[in-house]
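In what follows, a single structure is set out as C-alpha cells and then discussed.
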Amino acid sequence: MPTKVILDVDTGTDDAVALMVAALSPDIELIGATTVNGNTAVHSCTENTLRVLDWIGLPQIPVHQGMTRPLARQQMTQLNPASRIHGDLLDLPPAATARIQPGHAVDWLIDTFLASDGDITLVPVGPLTNVATAIQKEPRILEKIPEIVIMGGAHDHGNSTASAEFNIWLDPEAARIVVNCGRPIRMVPLDATHRALVSLDDCRALRALGTPAAEAAARFVEKRIEGYDATQPMHRASAAPVHDALAVCAIIDSTVITTQFIPVDVETGGELSVGRTVCDFRFRSRKPPNVHFAMDADEPKFIRMLMETLGRTA
Ligand code: RIB
Ligand code: CA
C-alpha cells in the first residue's frame, strides 16, 4: 500500500524535485500540498507548486496557500539569501490547469487530518510556520499524525548562518513547537543532505530519461549546482544537495538515510545561535529522545531513487 503524504513546501528548486518524486512514486499517494513563506514569498511558492504539477500532468493534486510570514519574526519575509539557488519563479510555463484551492492551508491541514484515519504522513520541507499554526489552532490533529518527516536542521554546520539551517532559522519559534509536539519525528538535516549530492553527470542521465519530470529536475539541479558553486561550494564541485527530495525518498526507503534517536530542541533566544537544532547526542539534558535525526545518507541509493521515480510519467 502506498504511504499517504501531505507535502508542506516553500517551492524553490529542491521542493520542486521533492513534489515530482512524491507525485510520481508508486510508493506514495500525494494527498495534497500546502505552501508557506520561505525560499520566496508564499504566492510565488504557490505558483511554482502549480507549475510543477501542471508540468508533470497532475494538476488535480490539491494545493492550498498558507502563511505569509513567520510566527514571531514578522520581518523575515525576504528571499532566501541564497536565491541564486532558487530564484523567484521556476523555469517552467506559467500554471494553466492547476489551480490554487479555496481556503487557507492551515484550515485544510486541520480538516484533512481530523477527517483522516490517522494514516497521512506530514512532510514539511520549508519553514514550519503552517504546521506549528495548525497544531496551535487545533491540537487534536496531533493524534491523527502518525509521523512528521522534516527537511530541516543542522548539527555540524548551518547554511543560513554558521549555526542554523534555513527552514529552522526562518521560523525558529514554529520549529520549536513542532519538534516538541510529541509525535514521531524524523529530521533530514544538512548533515544528511550534504552527503547525498546530485552532479552534472546525474543531470545528463536525467535528461536521457526523456520524461517531463526528469527534464525539469535536470534543469533545476543544474541551477542549484551553479548557485552552490558560486555561493556555498560543496566538498565536490559541480554537485549540489537536493535537500527536500531526500526527505521524500526517506519515506519510500528509510535506509536512504541513517538516523539516531536523540533529544533535539531549537534555539530561539541566542544572538549567534538562533534557529540552531541543538542535538543532545550524549543525553546531557536528561530529556527523553524526541527526534530520529539523520547524520548520514546513501548517495548512490538516492541517485538511483531519483532516476527510478523521475523516469516515470503520470
Ligand atoms: O536549507 C535547505 C532548505 O531550505 C530546503 O528546504 C530549501 O528548499 C530551503 O527551503
Ligand atoms: Ca524547501
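Just so we're on the same page: first chain in the C-alpha cells is A, next is B, and so on; residues restart at 1 for each chain, and ligands are numbered from 1 in the order they show up.
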Please build the interface table for chain A against ligand 1 with a cut-off of 8 Å, listing for each qualifying residue the nearest atom pair and the distance in Å to one decimal; count only C-alpha atoms and all ligand atoms, order rows by chain and increasing number, and write it as a tab-separated table.
```
residue	atom	partner	partner_atom_place_in_ligand_line	distance
A:Val9	CA	ligand 1	10 (O)	7.7
A:Asp10	CA	ligand 1	10 (O)	5.9
A:Thr11	CA	ligand 1	8 (O)	6.6
A:Gly12	CA	ligand 1	8 (O)	5.5
A:Thr13	CA	ligand 1	8 (O)	6.7
A:Asp14	CA	ligand 1	8 (O)	5.3
A:Asp15	CA	ligand 1	8 (O)	5.3
A:Gly38	CA	ligand 1	10 (O)	6.0
A:Asn39	CA	ligand 1	10 (O)	5.3
A:Asn80	CA	ligand 1	9 (C)	7.6
A:His86	CA	ligand 1	8 (O)	7.9
A:Val125	CA	ligand 1	6 (O)	4.7
A:Gly126	CA	ligand 1	10 (O)	4.5
A:Pro127	CA	ligand 1	10 (O)	6.7
A:Met151	CA	ligand 1	6 (O)	5.9
A:Gly152	CA	ligand 1	3 (C)	6.2
A:Gly153	CA	ligand 1	1 (O)	7.6
A:Asn159	CA	ligand 1	1 (O)	6.4
A:Ser160	CA	ligand 1	1 (O)	7.4
A:Glu165	CA	ligand 1	1 (O)	5.1
A:Phe166	CA	ligand 1	1 (O)	4.4
A:Asn167	CA	ligand 1	4 (O)	4.9
A:Pro189	CA	ligand 1	1 (O)	8.0
A:Leu190	CA	ligand 1	1 (O)	7.0
A:Val242	CA	ligand 1	5 (C)	7.8
A:His243	CA	ligand 1	5 (C)	5.5
A:Asp244	CA	ligand 1	6 (O)	5.3
```
Please produce a file of those selected residues containing C-alpha atoms, as a compact mmCIF listing (two decimals), in the first residue's frame.
```
# COMPACT_ATOMS: atom_id res chain seq x y z
CA VAL A 9 6.51 23.28 0.65
CA ASP A 10 8.18 26.65 0.00
CA THR A 11 8.67 25.70 -3.62
CA GLY A 12 12.01 26.50 -4.82
CA THR A 13 14.10 24.18 -6.89
CA ASP A 14 14.57 21.30 -4.44
CA ASP A 15 10.94 21.42 -3.26
CA GLY A 38 10.22 30.59 2.71
CA ASN A 39 12.50 30.41 -0.31
CA ASN A 80 16.38 33.13 0.95
CA HIS A 86 16.08 29.05 -6.22
CA VAL A 125 10.21 20.78 3.60
CA GLY A 126 10.06 24.53 4.26
CA PRO A 127 9.78 26.70 7.36
CA MET A 151 13.67 18.50 5.90
CA GLY A 152 15.48 20.91 8.17
CA GLY A 153 18.04 21.42 10.86
CA ASN A 159 23.62 27.31 5.69
CA SER A 160 21.71 30.47 6.62
CA GLU A 165 19.73 25.71 8.57
CA PHE A 166 17.29 27.89 6.56
CA ASN A 167 13.93 26.18 7.27
CA PRO A 189 19.17 17.88 8.18
CA LEU A 190 22.09 19.26 6.20
CA VAL A 242 18.62 18.42 -3.32
CA HIS A 243 17.54 18.58 0.30
CA ASP A 244 13.78 18.17 0.08
```
- Item | Nearby residues (only C-alpha atoms) at most 12 Å from A:Arg282, same-chain spacing under 2 positions excluded, as a count of residues only | 14
Which residues of stretch 93-211 of chain A sit at most 6 Å from stretch 291-300 of chain A, using only C-alpha atoms? Give each one's shortest atom pair and distance in Å (one decimal place), in chain and ascending residue order, as a tab-separated table.
```
residue	atom	partner	partner_atom	distance
A:Ile185	CA	A:Val291	CA	5.1
A:Arg186	CA	A:His292	CA	4.6
A:Met187	CA	A:Phe293	CA	4.9
A:Val188	CA	A:Ala294	CA	5.4
A:Asp191	CA	A:Met295	CA	5.1
A:Ala192	CA	A:Asp296	CA	4.4
A:Arg195	CA	A:Ala297	CA	5.7
A:Ala196	CA	A:Glu299	CA	4.2
```
Once you have the residues from the selection above, write them out as a PDB file, in the first residue's frame, restricted to C-alpha atoms.
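Dumped everything to part-v6.pdb:
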```pdb
ATOM      1  CA  ILE A 185       9.580  12.881  14.035  1.00  0.00           C
ATOM      2  CA  ARG A 186      12.283  12.083  11.501  1.00  0.00           C
ATOM      3  CA  MET A 187      14.526  15.050  10.701  1.00  0.00           C
ATOM      4  CA  VAL A 188      16.580  15.151   7.475  1.00  0.00           C
ATOM      5  CA  ASP A 191      24.301  16.606   7.828  1.00  0.00           C
ATOM      6  CA  ALA A 192      22.464  14.068   5.651  1.00  0.00           C
ATOM      7  CA  ARG A 195      26.166  13.610   1.870  1.00  0.00           C
ATOM      8  CA  ALA A 196      23.774  12.968  -0.999  1.00  0.00           C
TER       9      ALA A 196
END
```
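Ranking A:Lys137, A:Arg207, A:Arg84, A:Arg304 by their shortest atom-to-atom distance to A:Arg224, with only C-alpha atoms included, puts A:Arg84 first.
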- Message: Can you pull out every residue from stretch 101-186 of chain A that DSSP, working from the backbone, puts in strand (DSSP E or B), and format the result as a PyMOL selection string?
- Response: chain A and resi 120-124+148-151+185-186
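Among the candidates A:Thr211, A:Ser254, A:Ser238, A:Gln65, the residue lying nearest to A:Leu24 is A:Thr211 (atoms considered: only C-alpha atoms).
Distances from A:Ala132, A:Ile61, A:Ala22, A:Leu90 to A:Asp171 were compared using only C-alpha atoms, and the smallest one belongs to A:Ala132.
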- Can you check which residues of stretch 70-154 of chain A DSSP gives as alpha helix (DSSP H) on the backbone and send them as a ChimeraX atom specification? /A:105-115,129-137
Next, dump the selected residues to file, keeping only C-alpha atoms, as a PDB file, in the first residue's frame.
```
ATOM      1  CA  ALA A 105      -3.639  25.848   4.079  1.00  0.00           C
ATOM      2  CA  VAL A 106      -3.750  25.732   7.892  1.00  0.00           C
ATOM      3  CA  ASP A 107      -7.504  25.097   7.886  1.00  0.00           C
ATOM      4  CA  TRP A 108      -7.158  22.448   5.173  1.00  0.00           C
ATOM      5  CA  LEU A 109      -4.443  20.691   7.177  1.00  0.00           C
ATOM      6  CA  ILE A 110      -6.673  20.695  10.268  1.00  0.00           C
ATOM      7  CA  ASP A 111      -9.780  19.489   8.412  1.00  0.00           C
ATOM      8  CA  THR A 112      -7.868  16.823   6.467  1.00  0.00           C
ATOM      9  CA  PHE A 113      -6.073  15.326   9.460  1.00  0.00           C
ATOM     10  CA  LEU A 114      -9.185  15.385  11.694  1.00  0.00           C
ATOM     11  CA  ALA A 115     -11.196  13.599   8.962  1.00  0.00           C
ATOM     12  CA  THR A 129       5.000  28.055  10.142  1.00  0.00           C
ATOM     13  CA  ASN A 130       1.937  26.278   8.675  1.00  0.00           C
ATOM     14  CA  VAL A 131       2.474  23.135  10.755  1.00  0.00           C
ATOM     15  CA  ALA A 132       3.007  24.978  14.036  1.00  0.00           C
ATOM     16  CA  THR A 133      -0.009  27.211  13.402  1.00  0.00           C
ATOM     17  CA  ALA A 134      -2.223  24.176  12.701  1.00  0.00           C
ATOM     18  CA  ILE A 135      -1.029  22.457  15.903  1.00  0.00           C
ATOM     19  CA  GLN A 136      -1.652  25.595  17.968  1.00  0.00           C
ATOM     20  CA  LYS A 137      -5.089  26.203  16.398  1.00  0.00           C
TER      21      LYS A 137
END
```
- Query: Which residues, written as a ChimeraX atom specification, have at least one atom at most 12 Å from A:His64, with only C-alpha atoms counted and residues fewer than 5 positions away on the same chain left out?
  - Reply: /A:6-10,31-36,42-43,45-47,49-50,98-109,112,130
- Message: I'd like the neighbourhood of stretch 214-219 of chain A as a list in words, where a residue qualifies if any of its atoms comes within 9 Å (using only C-alpha atoms), though same-chain residues fewer than 6 positions away should be ignored.
- Response: Thr13, Asp14, Ala16, Val17, Met20, Val52, Trp55, Asp91, Leu92, Leu200, Asp202, Cys203, Arg204, Ala205, Leu206, Arg207, Ala208, Leu306, Met307, Thr309, Leu310, Gly311 and Arg312 of chain A
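Comparing the minimum interatomic distances between A:Asp265 and each of A:Thr193, A:Ser199, A:Gln232, A:Asn180, counting only C-alpha atoms, we find that A:Asn180 sits nearest.
Nearest residue to ligand 2 among A:Ile150, A:Ala250, A:Val179, A:Val5 is A:Ile150, counting only C-alpha atoms and all ligand atoms.
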- Find the spatial neighbours of A:Ala230, counting only C-alpha atoms, within a cut-off of 12 Å - ignore same-chain residues fewer than 5 positions away - and output them as a ChimeraX atom specification. /A:82-85,223-225,237-240
Could you name the residues that touch A:Pro146 at 10 Å or less, counting only C-alpha atoms, but leaving out those on the same chain fewer than 4 positions away, as a JSON list (two decimals) with all heavy atoms, in the first residue's frame?
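Saved as part15.json:
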```
[["chain", "number", "residue", "atom", "x", "y", "z"],
["A", 117, "ASP", "N", -8.00, 8.74, 8.72],
["A", 117, "ASP", "CA", -7.90, 7.54, 9.58],
["A", 117, "ASP", "C", -6.58, 7.52, 10.34],
["A", 117, "ASP", "O", -6.14, 6.46, 10.81],
["A", 117, "ASP", "CB", -8.02, 6.29, 8.70],
["A", 117, "ASP", "CG", -9.40, 6.17, 8.06],
["A", 117, "ASP", "OD1", -10.37, 6.66, 8.68],
["A", 117, "ASP", "OD2", -9.49, 5.63, 6.93],
["A", 118, "GLY", "N", -5.90, 8.67, 10.40],
["A", 118, "GLY", "CA", -4.61, 8.70, 11.12],
["A", 118, "GLY", "C", -3.50, 8.04, 10.32],
["A", 118, "GLY", "O", -2.56, 7.50, 10.89],
["A", 119, "ASP", "N", -3.63, 8.09, 9.00],
["A", 119, "ASP", "CA", -2.68, 7.38, 8.12],
["A", 119, "ASP", "C", -1.99, 8.30, 7.12],
["A", 119, "ASP", "O", -1.52, 7.85, 6.07],
["A", 119, "ASP", "CB", -3.42, 6.27, 7.36],
["A", 119, "ASP", "CG", -4.60, 6.81, 6.54],
["A", 119, "ASP", "OD1", -4.95, 8.00, 6.70],
["A", 119, "ASP", "OD2", -5.16, 6.03, 5.74],
["A", 120, "ILE", "N", -1.95, 9.61, 7.41],
["A", 120, "ILE", "CA", -1.30, 10.55, 6.49],
["A", 120, "ILE", "C", -0.01, 11.07, 7.12],
["A", 120, "ILE", "O", -0.04, 11.72, 8.17],
["A", 120, "ILE", "CB", -2.23, 11.74, 6.17],
["A", 120, "ILE", "CG1", -3.55, 11.29, 5.57],
["A", 120, "ILE", "CG2", -1.51, 12.70, 5.19],
["A", 120, "ILE", "CD1", -4.57, 12.42, 5.38],
["A", 121, "THR", "N", 1.12, 10.79, 6.46],
["A", 121, "THR", "CA", 2.41, 11.30, 6.93],
["A", 121, "THR", "C", 2.57, 12.76, 6.48],
["A", 121, "THR", "O", 2.33, 13.08, 5.31],
["A", 121, "THR", "CB", 3.56, 10.45, 6.37],
["A", 121, "THR", "OG1", 3.40, 9.10, 6.83],
["A", 121, "THR", "CG2", 4.92, 10.98, 6.79],
["A", 122, "LEU", "N", 2.96, 13.62, 7.41],
["A", 122, "LEU", "CA", 3.14, 15.04, 7.12],
["A", 122, "LEU", "C", 4.62, 15.30, 6.84],
["A", 122, "LEU", "O", 5.48, 14.93, 7.65],
["A", 122, "LEU", "CB", 2.66, 15.90, 8.29],
["A", 122, "LEU", "CG", 2.78, 17.41, 8.17],
["A", 122, "LEU", "CD1", 2.09, 17.95, 6.92],
["A", 122, "LEU", "CD2", 2.22, 18.07, 9.43],
["A", 142, "LEU", "N", -2.88, 16.32, 16.32],
["A", 142, "LEU", "CA", -1.66, 15.57, 16.63],
["A", 142, "LEU", "C", -1.93, 14.06, 16.72],
["A", 142, "LEU", "O", -1.16, 13.25, 16.20],
["A", 142, "LEU", "CB", -1.04, 16.08, 17.93],
["A", 142, "LEU", "CG", -0.35, 17.44, 17.84],
["A", 142, "LEU", "CD1", 0.05, 17.94, 19.22],
["A", 142, "LEU", "CD2", 0.87, 17.36, 16.92],
["A", 183, "ARG", "N", 4.83, 13.87, 18.69],
["A", 183, "ARG", "CA", 4.58, 12.84, 17.69],
["A", 183, "ARG", "C", 5.91, 12.33, 17.13],
["A", 183, "ARG", "O", 6.93, 13.02, 17.25],
["A", 183, "ARG", "CB", 3.72, 13.40, 16.54],
["A", 183, "ARG", "CG", 2.33, 13.87, 16.99],
["A", 183, "ARG", "CD", 1.58, 12.79, 17.71],
["A", 183, "ARG", "NE", 1.23, 11.67, 16.82],
["A", 183, "ARG", "CZ", 1.07, 10.42, 17.24],
["A", 183, "ARG", "NH1", 1.26, 10.13, 18.52],
["A", 183, "ARG", "NH2", 0.77, 9.46, 16.40],
["A", 184, "PRO", "N", 5.93, 11.13, 16.50],
["A", 184, "PRO", "CA", 7.17, 10.61, 15.91],
["A", 184, "PRO", "C", 7.69, 11.56, 14.84],
["A", 184, "PRO", "O", 6.94, 11.97, 13.95],
["A", 184, "PRO", "CB", 6.74, 9.27, 15.32],
["A", 184, "PRO", "CG", 5.54, 8.86, 16.13],
["A", 184, "PRO", "CD", 4.82, 10.15, 16.45],
["A", 185, "ILE", "N", 8.96, 11.93, 14.96],
["A", 185, "ILE", "CA", 9.58, 12.88, 14.03],
["A", 185, "ILE", "C", 10.87, 12.30, 13.47],
["A", 185, "ILE", "O", 11.72, 11.82, 14.23],
["A", 185, "ILE", "CB", 9.90, 14.22, 14.74],
["A", 185, "ILE", "CG1", 8.62, 14.94, 15.15],
["A", 185, "ILE", "CG2", 10.73, 15.13, 13.81],
["A", 185, "ILE", "CD1", 8.85, 16.21, 15.94]]
```
